[in-house]
Amino acid sequence: MSSEEALEKLYMIAEEIYEDLSKGEVPKMKLAARTRNNIIFNSEYGVWKYGDAKITRSAKKLDGAYMLLRTLYVMEFIKEMIKNNKSSTLREMYYISEGWGLAKFHTQDESNKLAEDLEVITSHLREDFKLRPEEDGASVIGNITVEETNRKGQPRRINCRDDVGDSGYLIPYNVEKNKLKFVDVDADFVMGIETGGMFDRLVENGFDEKARAILVHIKGQPARSTRRLLKRLNEELGLPVVIFTDGDPWSFRIFASIAYGAIKTAHISEYLATPTAEFVGITASDILNYNLPTDKLNDRDIAALQAELKDPRFNTPFWHEEINLMLKIGKKAEQQSLAKYGLDYVTDVYLPEKLTEMGILQ
Amino acid sequence: MGIAHKMAKKQKEISIAEFFEKNKQILGFDSFTKAMVVSVKEAVDNSLDACEEARILPDILVKVESVGKDEYRIIVEDNGPGIVRKNIPLVFGKLLYGSRFHAIRQSRGQQGIGISAVVLYGQLTTGKPARIISKIGEDEVAYEVILTIDTKKNEPRVIKETPIIWDREEGTHVEVTIRGRYTRGKQSILEYLQQTAIVNPHAQITFVDPDGRKIIFKRATDILPQPTREIKPHPYGIELGQLLNMARSTKAYRLTSFLTTEFSRVSPKIAEEICKKAYLYGDMRPKDLTIEEAKRLMESFNKVKLMPPPTDCLSPIGENLIKKGLKNVLGSLKPGFYARPVTREPKVYGGNPFIVEAGLVYGGELPKDQPVKILRFANRVPLLYQQGGCVITKAISSVDWRRYGLEQRGGEGIPVGPAIILVHVASTRVPFTSEAKEAIADVPEIREEIELALKSLGRQLKMFMIKKERKNKLSEKFFLVTKILPEIAKKSAEIVEKPVPPFESVISKIMNVVWIDENIEKLGKDKIKVKVKVANFIPKPLEFTLYGDYPLGTLVETDGDGGEDYVKWNVRIDPLKYQNFYFVLKDVSGYGETNYYVDGINPSIVVGAEPLPGDWNIRLDTMEEILEKEREEEEEVVEEDLEGVEDE
């Protein structure tokens, strides 16, 4: 249904291009500027979304002309897929463009970017265009039972603690209700974990059972589906979400994209972001309080921290204090540096202390 | 014999060999590789000077043969006026012999230590004598002289002198065997000859290397350099020793007449004034001048106002010939741009007239990621050594080349980019940093002239780059309107299921220029036809005047209004139409490209022609403004790097 709507919107773009040409105007498209300066807080959803600044992609410039032409080809391609009930990965679209002559994509970045541009213009998700990313293997372990509709269209129930191996339940690219239903849950909160090493440590230490937690391995900067799943767990099941990452500027950004919305996908922030998510650590204060082994900040780290001070999403007393403190001590630490005090320290001391402080654990 | 006499004799005996040994560095024989270059250079400089003095177009053969381990025979043969028989031993067999020693004029020889030093070097390192053949026009026969230098007396020792039949009309052949090492590449004989050919486009130089390979630097012009004129020294530039020497040898009886006759720009009145200020009698005999008195005289030179020395004694290469020389030698690198070389007006430093010339070549197959190549010349002689200590290098380093489109860290130092910069300093007295005469000293007046010349070249380079950028952008747009736009029209029509819309007016909106382009065709043996195409990509009809220039008096016919050195067309052209014009020229070998000028149209919308000539600088500024405006128009909100927030 929404695919039809999306197609309708794309059709309107083609119509505008045609109209422009007929009137002797240079064809163009307007879309929201996807920059840090153009994200504003949306109080309705409690997330950051694009503001009113627009950029114009006009056929006056080579890039713009290519984009218009590619949009027309992508449109035709989507139309075909909807008709034939198919879908394609972004990578497949990139390869299919081989046959599009001048409209061919030269890198996958170009095709990914166009998919995002089309989302921004039409306010539809790329899934509505029958385009999807590859699975990226983010996983879940915890006492929750889900029902996933498999390829044959049959529902299959999976308990994410008992029915899975050590690597957990793999999050599919589509986590919408039509694909994934929550059947039963027995947990108090959800914890997203940045690194595989730490995820495995918590699993081995049985932290999910001990702390009644659903552990989600977010695998670095989380994919849309992972962020969407966190949001659904939070909104539909009322579970608090906490995020546990390394202590460096890049990990802070991972948290920001989960809690406040990513700059790149701010057009769908209300759909992906979990505004109530909280940051567990590692914070700059943790580095001092727990006397953790550290690495020196490099030039890129410092530049990233300074950029974060200007980022409206980080404009809170907590973040400014932590970012300034990190700049002051000039150090960063990994999650796994907690192993300095033994393998159980993270589950026996650090997390219980931090989570109690945050009011997640009693 | 007393001990003192014995010692004196011994001193004399070792004098010349010792002199050589002590001054090896200064004389340029400090390494085997350098000795080879210096030897060739001395002989070639002599040949070029001799030919020019005799107003003969030089034709020079340089041959290097390997005759044993680290031993080479160097042969240099010219078509010069030859040397009279009795002078041959003196020129080649006596150190510091030469007519140029006291002459104040622009000459190559000023730099040399003389060919006799090469003969001596060969003799000392290989024990072999030099062989000279020379023939002067009026003689029937040539003379072959085999000689060495008597190192005790600094006198030539002729081993054999024979009259021989030589098929040349006139000329000189020098053959010296020396210890050395033959190299290729940087600071090699080949490089020296190549650079010599650039600044001496009137010379034909043939080089045969030790492997028998022959490289010919062809003559690029039949015009000999203007002969240099000898001038008297100017008081401001004189040195104490020179002053004393002149005072000793003058025929004048009185100091005042010595000053007026032996120096330039000294009138009797000023001569009186100088003497007065130096507390010397104008009537004193110049020969009696003591060192102290000479010093006072020199001080008072600077206390009087003198006219600068005459500058017409200099012989610059000239803008045309620099360009020809560069093209002739560097043509194979296919540079994209030859700046119009700059020959500055003559100036004076410390009483010595000098002139600075500079040229620049850009693009083609020159390496992009390396410091620009610097070609330094003093009085038409390439300077291959001591680059860092030379005022030319310093001037190049102090210009901010980033403004002109070359890379340069921090706006100083030798810039990086596919360019060659040529600088020639001509003077009656080039101020070298040392006796080795490998680098020019940092004299403020000279440096300033070089910098001004370089900046003028820089502005041209920038202009070229701006034009190139505009042209590139336009060919991009051309591709856009001819390839992509039709596709967009077709595809959008397909999707909305309507006929393809007409989009011509969109094309002119996107292009928004008038494009002027030419195509040159050969017409028979000595004629060319230049076809001019003017295309209007502006969405309205246009009317303007177009001019094209060509060498004076070469026009055969045209469909325009032909003048002596330009043709004029009145252009009326509708949107998206083009018009063809033409003109035919004769006797224009190597015709490059026509300069086009427009009038009666906003020059910012024209590509391929410039507004009618105005001041060069103003034009550059206007061009920069135009380009800036174009950029602004096209600049949209630049999307930031999205922080690596990947979500796939």
# chains A, B, ... in the order shown; residues from 1 in each chain; ligands from 1
>>> residues_around(residues="B:Phe478", least_positions_apart="4", cutoff="10 Å", atoms="only C-alpha atoms", output="PyMOL selection string")
(chain A and resi 62) or (chain B and resi 472-474+482-484+507+510-511)
>>> closest_atom_pairs(of="chain A", to="chain B", cutoff="6 Å", atoms="only C-alpha atoms", output="CSV")
residue,atom,partner,partner_atom,distance
A:Ala14,CA,B:Ser492,CA,5.5
A:Tyr18,CA,B:Ser492,CA,5.7
A:Leu21,CA,B:Phe503,CA,5.7
A:Ser22,CA,B:Pro501,CA,5.2
A:Gly24,CA,B:Val506,CA,5.2
A:Glu25,CA,B:Val506,CA,5.8
A:Val26,CA,B:Val506,CA,5.6
A:Thr35,CA,B:Glu640,CA,5.7
A:Ile55,CA,B:Val637,CA,5.9
A:Lys60,CA,B:Ile510,CA,5.3
A:Leu69,CA,B:Ile488,CA,5.2
A:Pro222,CA,B:Asp647,CA,5.9
A:Ala223,CA,B:Asp647,CA,4.3
A:Arg224,CA,B:Asp647,CA,5.8
>>> select_by_dssp(residues="stretch 522-603 of chain B", states="strand (DSSP E)", output="number ranges by chain")
B: 522-523, 527-536, 542-549, 555-558, 561-562, 566-573, 578-586, 596-599
>>> residues_around(residues="B:Gly180", least_positions_apart="5", cutoff="8 Å", atoms="only C-alpha atoms", output="list of chain:residue names")
B:Ser31, B:Phe32, B:Thr33, B:Lys34, B:Ala35, B:Met36, B:Asp70, B:Glu71, B:Tyr72
>>> select_by_dssp(residues="stretch 42-245 of chain A", states="alpha helix (DSSP H)", output="ChimeraX atom specification")
/A:62-84,90-96,108-122,196-204,207-210,224-237
>>> residues_around(residues="B:Asp369", least_positions_apart="5", cutoff="12 Å", atoms="only C-alpha atoms", output="short mmCIF file (atom, residue, chain, number, x, y, z; two decimals) with all heavy atoms, in the first residue's frame")
data_model
loop_
_atom_site.label_atom_id
_atom_site.label_comp_id
_atom_site.auth_asym_id
_atom_site.auth_seq_id
_atom_site.Cartn_x
_atom_site.Cartn_y
_atom_site.Cartn_z
N GLY B 363 52.41 22.71 -17.78
CA GLY B 363 51.54 21.62 -18.20
C GLY B 363 52.24 20.58 -19.05
O GLY B 363 53.44 20.40 -18.97
N LEU B 406 50.01 27.64 -8.48
CA LEU B 406 50.94 26.56 -8.23
C LEU B 406 50.88 26.21 -6.74
O LEU B 406 50.52 27.04 -5.92
CB LEU B 406 52.37 26.95 -8.60
CG LEU B 406 52.68 27.15 -10.07
CD1 LEU B 406 54.12 27.61 -10.25
CD2 LEU B 406 52.46 25.87 -10.85
N GLU B 407 51.25 24.99 -6.42
CA GLU B 407 51.28 24.62 -5.02
C GLU B 407 52.56 25.14 -4.39
O GLU B 407 53.62 25.13 -5.01
CB GLU B 407 51.29 23.09 -4.88
CG GLU B 407 49.92 22.47 -4.99
CD GLU B 407 50.02 20.96 -4.99
OE1 GLU B 407 50.79 20.43 -4.17
OE2 GLU B 407 49.36 20.34 -5.83
N GLN B 408 52.44 25.56 -3.16
CA GLN B 408 53.63 26.07 -2.47
C GLN B 408 53.31 26.07 -0.98
O GLN B 408 52.38 26.76 -0.54
CB GLN B 408 53.92 27.49 -2.96
CG GLN B 408 55.24 28.04 -2.50
CD GLN B 408 55.40 29.48 -2.94
OE1 GLN B 408 54.42 30.22 -3.01
NE2 GLN B 408 56.62 29.88 -3.23
N PRO B 415 57.98 26.48 -5.67
CA PRO B 415 56.64 25.93 -5.82
C PRO B 415 56.66 24.55 -6.48
O PRO B 415 57.65 24.17 -7.10
CB PRO B 415 55.95 26.96 -6.72
CG PRO B 415 57.05 27.64 -7.45
CD PRO B 415 58.23 27.64 -6.53
N VAL B 416 55.56 23.84 -6.31
CA VAL B 416 55.43 22.51 -6.87
C VAL B 416 54.40 22.56 -8.00
O VAL B 416 53.37 23.19 -7.86
CB VAL B 416 54.97 21.51 -5.77
CG1 VAL B 416 54.59 20.17 -6.37
CG2 VAL B 416 56.06 21.35 -4.72
N GLY B 417 54.72 21.90 -9.10
CA GLY B 417 53.77 21.86 -10.20
C GLY B 417 54.45 21.60 -11.52
O GLY B 417 55.69 21.63 -11.60
N PRO B 418 53.67 21.33 -12.56
CA PRO B 418 54.24 21.00 -13.86
C PRO B 418 54.70 22.27 -14.59
O PRO B 418 54.07 22.69 -15.54
CB PRO B 418 53.09 20.32 -14.59
CG PRO B 418 51.86 20.94 -14.00
CD PRO B 418 52.18 21.29 -12.58
N ALA B 419 55.76 22.87 -14.10
CA ALA B 419 56.18 24.13 -14.71
C ALA B 419 57.70 24.22 -14.80
O ALA B 419 58.42 23.56 -14.06
CB ALA B 419 55.63 25.31 -13.92
#
>>> closest_residue(among="A:Asp311, A:Gly192, A:Asp286, A:Leu170", to="A:Ile258", atoms="only C-alpha atoms")
A:Gly192
>>> atom_distance(atom1="atom CA of B:Asp167", atom2="atom CA of B:Tyr192")
28.7 Å
>>> residues_around(residues="stretch 272-284 of chain B", least_positions_apart="5", cutoff="6 Å", atoms="only C-alpha atoms", output="ChimeraX atom specification")
/B:254-256,296-297,300
>>> residues_around(residues="B:His202", least_positions_apart="3", cutoff="7 Å", atoms="only C-alpha atoms", output="PDB file with C-alpha atoms, in the first residue's frame")
ATOM      1  CA  LEU B  57      75.243  32.082 -37.025  1.00  0.00           C
ATOM      2  CA  ARG B 219      68.587  26.541 -34.901  1.00  0.00           C
ATOM      3  CA  ALA B 220      65.255  28.206 -34.156  1.00  0.00           C
ATOM      4  CA  THR B 221      65.970  31.621 -35.587  1.00  0.00           C
ATOM      5  CA  ASP B 222      68.307  33.258 -38.066  1.00  0.00           C
ATOM      6  CA  ILE B 223      68.420  36.447 -36.074  1.00  0.00           C
ATOM      7  CA  LEU B 224      71.722  36.973 -34.308  1.00  0.00           C
TER       8      LEU B 224
END
>>> atom_distance(atom1="atom CA of B:Asn512", atom2="atom CA of B:Ile538")
4.6 Å
>>> closest_residue(among="B:Ala441, B:Val556, B:Glu593, B:Gln226", to="B:Gly389", atoms="only C-alpha atoms")
B:Ala441
>>> residues_around(residues="B:Leu244", least_positions_apart="5", cutoff="8 Å", atoms="only C-alpha atoms", output="PDB file with C-alpha atoms, in the first residue's frame")
ATOM      1  CA  LEU B 289      97.724  57.412  -7.066  1.00  0.00           C
ATOM      2  CA  ILE B 291      96.079  52.928  -2.385  1.00  0.00           C
ATOM      3  CA  ALA B 294      92.410  55.569  -4.533  1.00  0.00           C
TER       4      ALA B 294
END
>>> closest_residue(among="A:Ile193, A:Leu68, A:Ala53, A:Ala115", to="A:Pro27", atoms="only C-alpha atoms")
A:Leu68
>>> closest_residue(among="B:Lys186, B:Arg229, B:Lys24, B:His234", to="B:Val266", atoms="only C-alpha atoms")
B:His234
>>> closest_residue(among="A:Val47, A:Ile243, A:Leu90, A:Ile96", to="A:Phe77", atoms="only C-alpha atoms")
A:Ile96
>>> decode(residues="stretch 180-204 of chain A", atoms="N, CA and C atoms", output="CSV table (one decimal), in the first residue's frame")
chain,number,residue,atom,x,y,z
A,180,LEU,N,7.8,-9.1,12.3
A,180,LEU,CA,8.3,-9.5,13.6
A,180,LEU,C,7.3,-9.0,14.7
A,181,LYS,N,6.8,-10.0,15.5
A,181,LYS,CA,5.9,-9.7,16.5
A,181,LYS,C,6.6,-10.1,17.9
A,182,PHE,N,6.3,-9.3,18.9
A,182,PHE,CA,6.7,-9.6,20.2
A,182,PHE,C,5.6,-10.4,20.9
A,183,VAL,N,6.0,-11.7,21.3
A,183,VAL,CA,5.0,-12.5,21.9
A,183,VAL,C,5.0,-12.5,23.4
A,184,ASP,N,6.2,-12.5,24.0
A,184,ASP,CA,6.2,-12.6,25.4
A,184,ASP,C,7.6,-12.1,25.9
A,185,VAL,N,7.6,-11.4,27.0
A,185,VAL,CA,8.9,-10.9,27.5
A,185,VAL,C,9.0,-11.0,29.0
A,186,ASP,N,10.2,-11.4,29.5
A,186,ASP,CA,10.4,-11.4,30.9
A,186,ASP,C,11.7,-10.8,31.2
A,187,ALA,N,11.7,-9.4,31.2
A,187,ALA,CA,13.0,-8.7,31.4
A,187,ALA,C,12.7,-7.3,31.9
A,188,ASP,N,13.7,-6.6,32.5
A,188,ASP,CA,13.4,-5.3,33.1
A,188,ASP,C,13.9,-4.2,32.2
A,189,PHE,N,14.9,-4.5,31.4
A,189,PHE,CA,15.4,-3.4,30.5
A,189,PHE,C,16.2,-4.0,29.3
A,190,VAL,N,16.5,-3.1,28.4
A,190,VAL,CA,17.3,-3.5,27.2
A,190,VAL,C,18.6,-2.8,27.2
A,191,MET,N,19.7,-3.6,26.9
A,191,MET,CA,21.0,-2.9,26.9
A,191,MET,C,21.6,-3.1,25.5
A,192,GLY,N,21.9,-2.0,24.8
A,192,GLY,CA,22.7,-2.1,23.6
A,192,GLY,C,24.2,-2.1,23.9
A,193,ILE,N,24.9,-3.0,23.3
A,193,ILE,CA,26.3,-3.1,23.5
A,193,ILE,C,27.1,-2.9,22.2
A,194,GLU,N,28.1,-2.0,22.3
A,194,GLU,CA,28.8,-1.6,21.0
A,194,GLU,C,29.7,-2.8,20.5
A,195,THR,N,30.5,-3.4,21.3
A,195,THR,CA,31.5,-4.3,20.7
A,195,THR,C,31.1,-5.8,21.0
A,196,GLY,N,31.5,-6.6,20.0
A,196,GLY,CA,31.2,-8.1,20.1
A,196,GLY,C,31.9,-8.7,21.3
A,197,GLY,N,33.1,-8.2,21.6
A,197,GLY,CA,33.8,-8.7,22.8
A,197,GLY,C,33.1,-8.6,24.1
A,198,MET,N,32.5,-7.4,24.3
A,198,MET,CA,31.8,-7.1,25.5
A,198,MET,C,30.5,-7.9,25.5
A,199,PHE,N,29.8,-7.9,24.4
A,199,PHE,CA,28.6,-8.7,24.3
A,199,PHE,C,28.8,-10.1,24.7
A,200,ASP,N,29.8,-10.7,24.2
A,200,ASP,CA,30.2,-12.1,24.5
A,200,ASP,C,30.5,-12.2,26.0
A,201,ARG,N,31.2,-11.3,26.5
A,201,ARG,CA,31.5,-11.3,28.0
A,201,ARG,C,30.3,-11.3,28.8
A,202,LEU,N,29.3,-10.4,28.5
A,202,LEU,CA,28.1,-10.4,29.3
A,202,LEU,C,27.3,-11.6,29.1
A,203,VAL,N,27.3,-12.2,27.9
A,203,VAL,CA,26.5,-13.4,27.7
A,203,VAL,C,27.2,-14.6,28.5
A,204,GLU,N,28.5,-14.7,28.4
A,204,GLU,CA,29.2,-15.7,29.1
A,204,GLU,C,29.0,-15.6,30.6
